[in-house]
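To keep things clear, I will list the structure first and then write my remarks on it.
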Amino acid sequence: MTTPSLLPQHLDLAIVGAGPQALTLVTHLLQKRSKWRHRLRVFDGSGIWLSRWRSQMQAQEIEHLRSPAVHHPDPDPYALRRFAEFRPQELFPPYDLPGTTLFNDFCAEVIRRWDLHSCVYPGQVCRITPVQRSQPCFEIILQDGRSCRAHRVVLATGGGVLQFPDWVQSLQGEYPPDRLVHGNSVDLATANVRPGERILIIGGGLSSGHLALGVARRGAISTLAIRRSLQEKLFDAEPGWLGPKYLKSFQAESDSVSRWQQIQEARNGGSMTPEVAVQLRRGVRRGEVRIEEHYRVVRAQWQAQQWRVECSDGSHLEAERIWCATGTTLDIRQNPLMADVLATYPTQIIQGLPVLDAHLRLPNSQLFVMGGYAALQVGPVARNLAGGRLACDRIVPAIVRRV
Ligand SMILES: Cc1cc2nc3c(=O)[nH]c(=O)nc-3n(C[C@H](O)[C@H](O)[C@H](O)COP(=O)(O)OP(=O)(O)OC[C@H]3O[C@@H](n4cnc5c(N)ncnc54)[C@H](O)[C@@H]3O)c2cc1C
């Protein structure tokens with residue numbers, strides 16, 4: 001990694017977060033205007049590209065992506081397929097889903113080819129403050145106290161606030177903190193899962209499935225507690241959401257509340273891929289996995305070194321650990337980076353999501369938003385790799401044409 005030694009005092013463009021969405025933006029921008037390389041910085045606490053992406057895939061021991069090989073950060077949709085020419089065994093059926101190692105190697109190649117190592121500045125951004133001058137800009141303040149100013153900012157921080165079920169808030173009594181954690185905090189390699197241990201996994205999304213299979217590989221027993229029946233879907237949202245088939249009418253809808261409802265219906269909560277569902281059922285037959293559908297936990301209590309969990313139908317189960325694979329909530333008002341910005345640029349917010357302009361900016365500002373926060377404009381795939389590309393189609397023209 002080459003680290004820039006100095007933090008420039010003035011930037012044309014500051015991108016907060018060095019995940020896949022930011023990488024997609026930088027390659028698309030440089031393809032249009034290569035001179036922008038010297039005008040931008042990407043800030044990430046880790047100081048490197050894709051650190052969170054890599055660690056989340058590794059933590060859940062994910063063999064291949066859920067999205068097909070056309071979705072990746074390079075502007076050429078076929079670049080990953082070409083990269084895989086001599087590694088065809090790393091494209092998985094049914095739609096050439098890239099293996100995790102293949103995808104990561106490809107991204108490393110994209111970073112090398114576009115010469116992007118030195119774009120990332122190691123710094124956790126803790127505040128973004130609008131500065132009102134003849135030409136308004138933003139002060140980017142890092143956790144270590146350093147700061148710089150930027151004319152334009154792109155928020156590409158991914159994530160969201162970890163979401164826990166209601167009953168977790170009302171847990172009574174003490175319990176060892178590592179006995180109940182969010183699924184996103186679990187790293188299977190270091191979780192020290194013991195053979196025979198019983199782990200209750202809450203949630204019916206793909207992360208629950210990956211975690212349950214990881215538990216089974218270690219000779220432990222997982223119970224998947226799913227609020228409804230196990231939903232099987234190839235993708236998070238139907239491919240029609242990547243193009244005009246669904247996006248045309250979505251974008252023609254002027255009511256943001258209705259757009260939000262369409263997003264919920266399209267994503268329809270957590271789902272597993274048919275492949276993971278098959279592996280889980282195999283695990284059920286071998287006695288390594290239990291799947292409890294229509295299962296609602298109402299209460300849990302830590303007693304005698306185990307959880308006693310009560311379900312809404314009055315039944316009980318015991319487990320040594322609980323992992324809540326219950327996703328994250330995106331509410332821009334809860335994002336501390338956005339407090340000063342939202343105070344300066346009043347923005348309509350629907351269920352936590354900002355109503356942005358056509359270029360994904362907060363109204364009347366040069367602060368752009370990528371990822372899940374941009375869903376009211378980009379649609380249900382906003383937080384996915386494909387959403388990064390859709391967001392670039394809107395952000396890049398505004399940056400290069402300075403509109
Ligand atoms: C287990 C798992 C598997 C997934 N698989 C797929 C898949 O196969 N296909 C798909 O399309 N999507 C998948 N997703 C969705 C996935 O999260 C996104 O595609 C991708 O990670 C989104 O990229 P991003 O850049 O928005 O966010 P992230 O990958 O989260 O990157 C954001 C970056 O911002 C940095 N950051 C955050 N706050 C700050 C700050 N204040 N200052 C500086 N830096 C900051 C973080 O360190 C992080 O590196 C998966 C998600 C998970 C959890």
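Here's how to read the names in the structure tokens: chain A, B, ... by the order shown, residue numbers from 1 in each chain, ligand numbers from 1 in the order shown.
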Residue neighbourhood Ala59 (chain A), 7 Å, only C-alpha atoms, exclusion window fewer than 4 positions, as a list in words: Ser55, Val186, Asp187, Leu188 and Ala189 of chain A
Using the selection just defined, write its residues with all heavy atoms as a compact mmCIF listing (two decimals), in the first residue's frame.
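See out-v8.txt below for the written result:
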```txt
# COMPACT_ATOMS: atom_id res chain seq x y z
N SER A 55 -13.65 -8.44 4.88
CA SER A 55 -13.79 -9.09 6.18
C SER A 55 -15.19 -9.70 6.35
O SER A 55 -15.34 -10.76 6.94
CB SER A 55 -13.42 -8.18 7.34
OG SER A 55 -14.19 -7.04 7.31
N VAL A 186 -20.03 -11.69 14.05
CA VAL A 186 -19.50 -13.05 14.18
C VAL A 186 -18.45 -13.29 13.11
O VAL A 186 -18.70 -13.07 11.92
CB VAL A 186 -20.63 -14.10 14.02
CG1 VAL A 186 -20.04 -15.52 14.02
CG2 VAL A 186 -21.67 -13.95 15.12
N ASP A 187 -17.29 -13.76 13.53
CA ASP A 187 -16.27 -14.24 12.59
C ASP A 187 -16.14 -15.74 12.88
O ASP A 187 -15.65 -16.12 13.94
CB ASP A 187 -14.95 -13.50 12.83
CG ASP A 187 -13.87 -13.93 11.84
OD1 ASP A 187 -14.02 -15.02 11.25
OD2 ASP A 187 -12.91 -13.18 11.66
N LEU A 188 -16.60 -16.54 11.95
CA LEU A 188 -16.65 -17.99 12.21
C LEU A 188 -15.28 -18.54 12.59
O LEU A 188 -15.16 -19.43 13.43
CB LEU A 188 -17.20 -18.74 10.98
CG LEU A 188 -18.70 -18.62 10.77
CD1 LEU A 188 -19.10 -19.07 9.36
CD2 LEU A 188 -19.47 -19.44 11.81
N ALA A 189 -14.23 -17.97 11.98
CA ALA A 189 -12.89 -18.51 12.24
C ALA A 189 -12.44 -18.29 13.68
O ALA A 189 -11.68 -19.09 14.22
CB ALA A 189 -11.89 -17.87 11.28
```
Test item: residues lying within 7 Å of ligand 1 with only C-alpha atoms and all ligand atoms, as a short mmCIF file (atom, residue, chain, number, x, y, z; two decimals) with C-alpha atoms, in the first residue's frame:
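Output file out.cif follows:
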```
data_model
loop_
_atom_site.label_atom_id
_atom_site.label_comp_id
_atom_site.auth_asym_id
_atom_site.auth_seq_id
_atom_site.Cartn_x
_atom_site.Cartn_y
_atom_site.Cartn_z
CA VAL A 16 -16.06 8.89 2.53
CA GLY A 17 -15.66 5.10 2.60
CA ALA A 18 -13.46 2.87 0.41
CA GLY A 19 -15.92 0.05 -0.23
CA PRO A 20 -17.06 -1.41 -3.55
CA GLN A 21 -19.41 1.51 -4.19
CA ALA A 22 -16.64 4.10 -3.81
CA PHE A 43 -11.18 8.35 3.22
CA ASP A 44 -11.40 5.06 5.07
CA GLY A 45 -10.37 4.23 8.63
CA SER A 46 -8.63 1.09 7.36
CA TRP A 49 -9.78 -0.43 -0.42
CA LEU A 50 -12.58 -2.93 0.39
CA SER A 51 -11.53 -3.78 3.95
CA ARG A 52 -15.07 -4.23 5.26
CA TRP A 53 -16.20 -6.07 2.13
CA GLN A 56 -17.56 -9.67 5.92
CA MET A 57 -17.09 -12.30 3.19
CA GLN A 60 -19.08 -15.83 7.07
CA LEU A 65 -21.15 -13.92 -4.38
CA ARG A 66 -24.91 -13.79 -4.69
CA SER A 67 -24.71 -11.40 -7.64
CA HIS A 71 -21.70 -6.71 -11.19
CA GLY A 123 -8.69 8.30 8.21
CA GLN A 124 -12.01 7.73 9.91
CA VAL A 125 -14.22 10.71 9.16
CA CYS A 126 -16.05 11.81 12.30
CA ALA A 156 -20.23 5.91 0.53
CA THR A 157 -20.06 4.43 4.01
CA GLY A 158 -22.35 1.41 3.40
CA GLY A 159 -23.50 -0.37 6.53
CA SER A 207 -26.26 -14.39 6.44
CA LEU A 337 -21.55 12.43 9.86
CA MET A 370 -24.38 6.30 -2.53
CA GLY A 371 -25.47 2.89 -1.23
CA ARG A 383 -27.04 -1.10 -1.47
CA ASN A 384 -25.73 -3.86 -3.77
CA LEU A 385 -22.85 -3.84 -6.25
CA ALA A 386 -25.32 -3.19 -9.08
#
```
Identify which of the residues A:Ile349, A:Ala220, A:Ala266, A:Leu242 lies closest to Arg290 (chain A), counting only C-alpha atoms when measuring atom-to-atom distances. A:Ala220
Residues within 12 Å of Cys324 (chain A), please, as a ChimeraX atom specification. Count only C-alpha atoms; anything in the same chain fewer than 5 positions from it doesn't count. /A:162-168,178-186,199-205,207-208,211-212,223-226,297
Take the residues just selected and output them with N, CA and C atoms as an mmCIF file, in the first residue's frame.
```cif
data_model
loop_
_atom_site.group_PDB
_atom_site.id
_atom_site.type_symbol
_atom_site.label_atom_id
_atom_site.label_comp_id
_atom_site.auth_asym_id
_atom_site.auth_seq_id
_atom_site.Cartn_x
_atom_site.Cartn_y
_atom_site.Cartn_z
ATOM 1 N N LEU A 162 -26.739 -1.702 13.434
ATOM 2 C CA LEU A 162 -27.133 -3.098 13.646
ATOM 3 C C LEU A 162 -28.540 -3.147 14.247
ATOM 4 N N GLN A 163 -29.345 -4.013 13.678
ATOM 5 C CA GLN A 163 -30.733 -4.101 14.139
ATOM 6 C C GLN A 163 -30.900 -5.379 14.983
ATOM 7 N N PHE A 164 -31.481 -5.220 16.173
ATOM 8 C CA PHE A 164 -31.748 -6.374 17.044
ATOM 9 C C PHE A 164 -33.255 -6.523 17.223
ATOM 10 N N PRO A 165 -33.745 -7.741 17.465
ATOM 11 C CA PRO A 165 -35.185 -7.898 17.725
ATOM 12 C C PRO A 165 -35.570 -7.192 19.031
ATOM 13 N N ASP A 166 -36.864 -6.850 19.143
ATOM 14 C CA ASP A 166 -37.337 -6.094 20.318
ATOM 15 C C ASP A 166 -37.027 -6.807 21.628
ATOM 16 N N TRP A 167 -37.187 -8.156 21.636
ATOM 17 C CA TRP A 167 -37.026 -8.857 22.911
ATOM 18 C C TRP A 167 -35.603 -8.732 23.467
ATOM 19 N N VAL A 168 -34.646 -8.411 22.613
ATOM 20 C CA VAL A 168 -33.258 -8.252 23.095
ATOM 21 C C VAL A 168 -33.178 -7.012 23.999
ATOM 22 N N ASP A 178 -20.533 -12.196 25.087
ATOM 23 C CA ASP A 178 -20.290 -12.937 23.837
ATOM 24 C C ASP A 178 -21.326 -14.031 23.608
ATOM 25 N N ARG A 179 -22.275 -14.188 24.515
ATOM 26 C CA ARG A 179 -23.311 -15.233 24.351
ATOM 27 C C ARG A 179 -24.489 -14.739 23.523
ATOM 28 N N LEU A 180 -24.573 -13.448 23.319
ATOM 29 C CA LEU A 180 -25.622 -12.906 22.435
ATOM 30 C C LEU A 180 -25.005 -11.766 21.635
ATOM 31 N N VAL A 181 -24.835 -11.980 20.341
ATOM 32 C CA VAL A 181 -24.220 -10.939 19.506
ATOM 33 C C VAL A 181 -24.980 -10.809 18.188
ATOM 34 N N HIS A 182 -24.690 -9.726 17.497
ATOM 35 C CA HIS A 182 -25.276 -9.566 16.158
ATOM 36 C C HIS A 182 -24.493 -10.448 15.176
ATOM 37 N N GLY A 183 -25.187 -10.996 14.194
ATOM 38 C CA GLY A 183 -24.537 -11.858 13.201
ATOM 39 C C GLY A 183 -23.376 -11.166 12.483
ATOM 40 N N ASN A 184 -23.505 -9.834 12.276
ATOM 41 C CA ASN A 184 -22.426 -9.110 11.573
ATOM 42 C C ASN A 184 -21.137 -9.062 12.395
ATOM 43 N N SER A 185 -21.254 -9.334 13.708
ATOM 44 C CA SER A 185 -20.048 -9.303 14.550
ATOM 45 C C SER A 185 -19.411 -10.677 14.653
ATOM 46 N N VAL A 186 -20.027 -11.695 14.054
ATOM 47 C CA VAL A 186 -19.500 -13.053 14.182
ATOM 48 C C VAL A 186 -18.446 -13.293 13.108
ATOM 49 N N ILE A 199 -26.385 -23.376 18.926
ATOM 50 C CA ILE A 199 -26.409 -21.933 18.627
ATOM 51 C C ILE A 199 -27.738 -21.583 17.954
ATOM 52 N N LEU A 200 -28.442 -20.635 18.561
ATOM 53 C CA LEU A 200 -29.708 -20.173 17.975
ATOM 54 C C LEU A 200 -29.401 -18.977 17.077
ATOM 55 N N ILE A 201 -29.783 -19.093 15.820
ATOM 56 C CA ILE A 201 -29.547 -17.998 14.868
ATOM 57 C C ILE A 201 -30.899 -17.410 14.488
ATOM 58 N N ILE A 202 -31.059 -16.127 14.760
ATOM 59 C CA ILE A 202 -32.338 -15.467 14.488
ATOM 60 C C ILE A 202 -32.263 -14.806 13.119
ATOM 61 N N GLY A 203 -33.262 -15.071 12.271
ATOM 62 C CA GLY A 203 -33.307 -14.388 10.971
ATOM 63 C C GLY A 203 -33.315 -15.371 9.819
ATOM 64 N N GLY A 204 -33.966 -14.953 8.725
ATOM 65 C CA GLY A 204 -34.115 -15.854 7.580
ATOM 66 C C GLY A 204 -33.381 -15.370 6.343
ATOM 67 N N GLY A 205 -32.376 -14.504 6.537
ATOM 68 C CA GLY A 205 -31.619 -14.000 5.384
ATOM 69 C C GLY A 205 -30.426 -14.894 5.073
ATOM 70 N N SER A 207 -27.291 -14.353 5.397
ATOM 71 C CA SER A 207 -26.260 -14.395 6.438
ATOM 72 C C SER A 207 -26.571 -15.485 7.449
ATOM 73 N N SER A 208 -27.848 -15.622 7.839
ATOM 74 C CA SER A 208 -28.231 -16.704 8.777
ATOM 75 C C SER A 208 -27.826 -18.044 8.200
ATOM 76 N N LEU A 211 -24.051 -18.560 8.269
ATOM 77 C CA LEU A 211 -23.584 -18.796 9.643
ATOM 78 C C LEU A 211 -23.965 -20.207 10.096
ATOM 79 N N ALA A 212 -25.199 -20.632 9.774
ATOM 80 C CA ALA A 212 -25.651 -21.974 10.196
ATOM 81 C C ALA A 212 -24.775 -23.055 9.555
ATOM 82 N N THR A 223 -29.924 -23.748 15.362
ATOM 83 C CA THR A 223 -31.361 -23.656 15.116
ATOM 84 C C THR A 223 -31.600 -22.321 14.441
ATOM 85 N N LEU A 224 -32.205 -22.366 13.267
ATOM 86 C CA LEU A 224 -32.548 -21.135 12.561
ATOM 87 C C LEU A 224 -33.971 -20.755 12.932
ATOM 88 N N ALA A 225 -34.135 -19.620 13.571
ATOM 89 C CA ALA A 225 -35.477 -19.167 13.952
ATOM 90 C C ALA A 225 -35.919 -18.098 12.951
ATOM 91 N N ILE A 226 -36.932 -18.450 12.153
ATOM 92 C CA ILE A 226 -37.373 -17.559 11.069
ATOM 93 C C ILE A 226 -38.819 -17.132 11.347
ATOM 94 N N VAL A 297 -39.522 -15.411 18.760
ATOM 95 C CA VAL A 297 -39.030 -15.411 20.141
ATOM 96 C C VAL A 297 -39.756 -14.305 20.887
#
```
Strand (DSSP E) call set, DSSP backbone run, region 24-231 of chain A, as number ranges by chain: A: 40-44, 91-92, 97-98, 120-122, 125-131, 137-142, 147-155, 161-162, 180-182, 198-202, 221-225
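DSSP, applied to the backbone of this structure, assigns helix (DSSP H, G or I) to the following residues of region 78-162 of chain A: Ala79, Leu80, Arg81, Arg82, Phe83, Pro88, Gln89, Glu90, Thr100, Thr101, Leu102, Phe103, Asn104, Asp105, Phe106, Cys107, Ala108, Glu109, Val110, Ile111, Arg112, Arg113, His117, Ser118 and Cys119 of chain A.
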Can you write just those residues out, N, CA and C atoms, as a PDB file, in the first residue's frame?
```pdb
ATOM      1  N   ALA A  79     -15.441  -7.198 -17.891  1.00  0.00           N
ATOM      2  CA  ALA A  79     -14.039  -7.283 -17.437  1.00  0.00           C
ATOM      3  C   ALA A  79     -13.821  -8.455 -16.476  1.00  0.00           C
ATOM      4  N   LEU A  80     -14.771  -8.725 -15.616  1.00  0.00           N
ATOM      5  CA  LEU A  80     -14.588  -9.825 -14.658  1.00  0.00           C
ATOM      6  C   LEU A  80     -14.653 -11.181 -15.361  1.00  0.00           C
ATOM      7  N   ARG A  81     -15.548 -11.302 -16.313  1.00  0.00           N
ATOM      8  CA  ARG A  81     -15.647 -12.542 -17.082  1.00  0.00           C
ATOM      9  C   ARG A  81     -14.327 -12.823 -17.814  1.00  0.00           C
ATOM     10  N   ARG A  82     -13.756 -11.778 -18.407  1.00  0.00           N
ATOM     11  CA  ARG A  82     -12.460 -11.957 -19.095  1.00  0.00           C
ATOM     12  C   ARG A  82     -11.369 -12.345 -18.096  1.00  0.00           C
ATOM     13  N   PHE A  83     -11.385 -11.698 -16.953  1.00  0.00           N
ATOM     14  CA  PHE A  83     -10.387 -11.990 -15.916  1.00  0.00           C
ATOM     15  C   PHE A  83     -10.482 -13.464 -15.496  1.00  0.00           C
ATOM     16  N   PRO A  88     -12.398 -20.749 -14.905  1.00  0.00           N
ATOM     17  CA  PRO A  88     -13.848 -20.901 -15.077  1.00  0.00           C
ATOM     18  C   PRO A  88     -14.511 -21.642 -13.919  1.00  0.00           C
ATOM     19  N   GLN A  89     -13.720 -22.461 -13.217  1.00  0.00           N
ATOM     20  CA  GLN A  89     -14.297 -23.213 -12.086  1.00  0.00           C
ATOM     21  C   GLN A  89     -14.674 -22.284 -10.933  1.00  0.00           C
ATOM     22  N   GLU A  90     -14.247 -21.002 -11.011  1.00  0.00           N
ATOM     23  CA  GLU A  90     -14.586 -20.046  -9.947  1.00  0.00           C
ATOM     24  C   GLU A  90     -15.809 -19.196 -10.309  1.00  0.00           C
ATOM     25  N   THR A 100     -15.565 -15.862  -4.225  1.00  0.00           N
ATOM     26  CA  THR A 100     -15.109 -14.717  -3.425  1.00  0.00           C
ATOM     27  C   THR A 100     -13.646 -14.389  -3.720  1.00  0.00           C
ATOM     28  N   THR A 101     -12.806 -15.416  -3.828  1.00  0.00           N
ATOM     29  CA  THR A 101     -11.384 -15.163  -4.092  1.00  0.00           C
ATOM     30  C   THR A 101     -11.202 -14.555  -5.480  1.00  0.00           C
ATOM     31  N   LEU A 102     -11.936 -15.099  -6.454  1.00  0.00           N
ATOM     32  CA  LEU A 102     -11.867 -14.557  -7.814  1.00  0.00           C
ATOM     33  C   LEU A 102     -12.262 -13.078  -7.807  1.00  0.00           C
ATOM     34  N   PHE A 103     -13.382 -12.771  -7.149  1.00  0.00           N
ATOM     35  CA  PHE A 103     -13.877 -11.394  -7.114  1.00  0.00           C
ATOM     36  C   PHE A 103     -12.839 -10.470  -6.463  1.00  0.00           C
ATOM     37  N   ASN A 104     -12.288 -10.929  -5.338  1.00  0.00           N
ATOM     38  CA  ASN A 104     -11.315 -10.082  -4.631  1.00  0.00           C
ATOM     39  C   ASN A 104     -10.044  -9.896  -5.459  1.00  0.00           C
ATOM     40  N   ASP A 105      -9.603 -10.959  -6.137  1.00  0.00           N
ATOM     41  CA  ASP A 105      -8.421 -10.836  -7.004  1.00  0.00           C
ATOM     42  C   ASP A 105      -8.706  -9.863  -8.146  1.00  0.00           C
ATOM     43  N   PHE A 106      -9.928  -9.952  -8.678  1.00  0.00           N
ATOM     44  CA  PHE A 106     -10.306  -9.054  -9.768  1.00  0.00           C
ATOM     45  C   PHE A 106     -10.282  -7.601  -9.277  1.00  0.00           C
ATOM     46  N   CYS A 107     -10.845  -7.368  -8.094  1.00  0.00           N
ATOM     47  CA  CYS A 107     -10.862  -5.991  -7.563  1.00  0.00           C
ATOM     48  C   CYS A 107      -9.434  -5.492  -7.351  1.00  0.00           C
ATOM     49  N   ALA A 108      -8.553  -6.374  -6.883  1.00  0.00           N
ATOM     50  CA  ALA A 108      -7.141  -5.972  -6.690  1.00  0.00           C
ATOM     51  C   ALA A 108      -6.543  -5.570  -8.042  1.00  0.00           C
ATOM     52  N   GLU A 109      -6.929  -6.292  -9.078  1.00  0.00           N
ATOM     53  CA  GLU A 109      -6.438  -5.986 -10.422  1.00  0.00           C
ATOM     54  C   GLU A 109      -7.015  -4.644 -10.910  1.00  0.00           C
ATOM     55  N   VAL A 110      -8.289  -4.403 -10.604  1.00  0.00           N
ATOM     56  CA  VAL A 110      -8.909  -3.115 -10.974  1.00  0.00           C
ATOM     57  C   VAL A 110      -8.151  -1.969 -10.289  1.00  0.00           C
ATOM     58  N   ILE A 111      -7.854  -2.154  -9.008  1.00  0.00           N
ATOM     59  CA  ILE A 111      -7.158  -1.096  -8.243  1.00  0.00           C
ATOM     60  C   ILE A 111      -5.768  -0.867  -8.836  1.00  0.00           C
ATOM     61  N   ARG A 112      -5.086  -1.962  -9.237  1.00  0.00           N
ATOM     62  CA  ARG A 112      -3.745  -1.856  -9.823  1.00  0.00           C
ATOM     63  C   ARG A 112      -3.819  -1.168 -11.206  1.00  0.00           C
ATOM     64  N   ARG A 113      -4.771  -1.669 -12.020  1.00  0.00           N
ATOM     65  CA  ARG A 113      -4.869  -1.167 -13.397  1.00  0.00           C
ATOM     66  C   ARG A 113      -5.215   0.328 -13.445  1.00  0.00           C
ATOM     67  N   HIS A 117      -4.258   2.771  -5.550  1.00  0.00           N
ATOM     68  CA  HIS A 117      -3.838   2.538  -4.161  1.00  0.00           C
ATOM     69  C   HIS A 117      -3.706   3.845  -3.396  1.00  0.00           C
ATOM     70  N   SER A 118      -3.052   4.806  -4.067  1.00  0.00           N
ATOM     71  CA  SER A 118      -2.728   6.030  -3.327  1.00  0.00           C
ATOM     72  C   SER A 118      -3.907   6.992  -3.200  1.00  0.00           C
ATOM     73  N   CYS A 119      -5.055   6.614  -3.771  1.00  0.00           N
ATOM     74  CA  CYS A 119      -6.245   7.489  -3.605  1.00  0.00           C
ATOM     75  C   CYS A 119      -6.796   7.409  -2.192  1.00  0.00           C
TER      76      CYS A 119
END
```
Of A:Val161, A:Leu230, A:Gly372, A:Arg259, the one nearest to Gly327 (chain A) when counting only C-alpha atoms is A:Val161
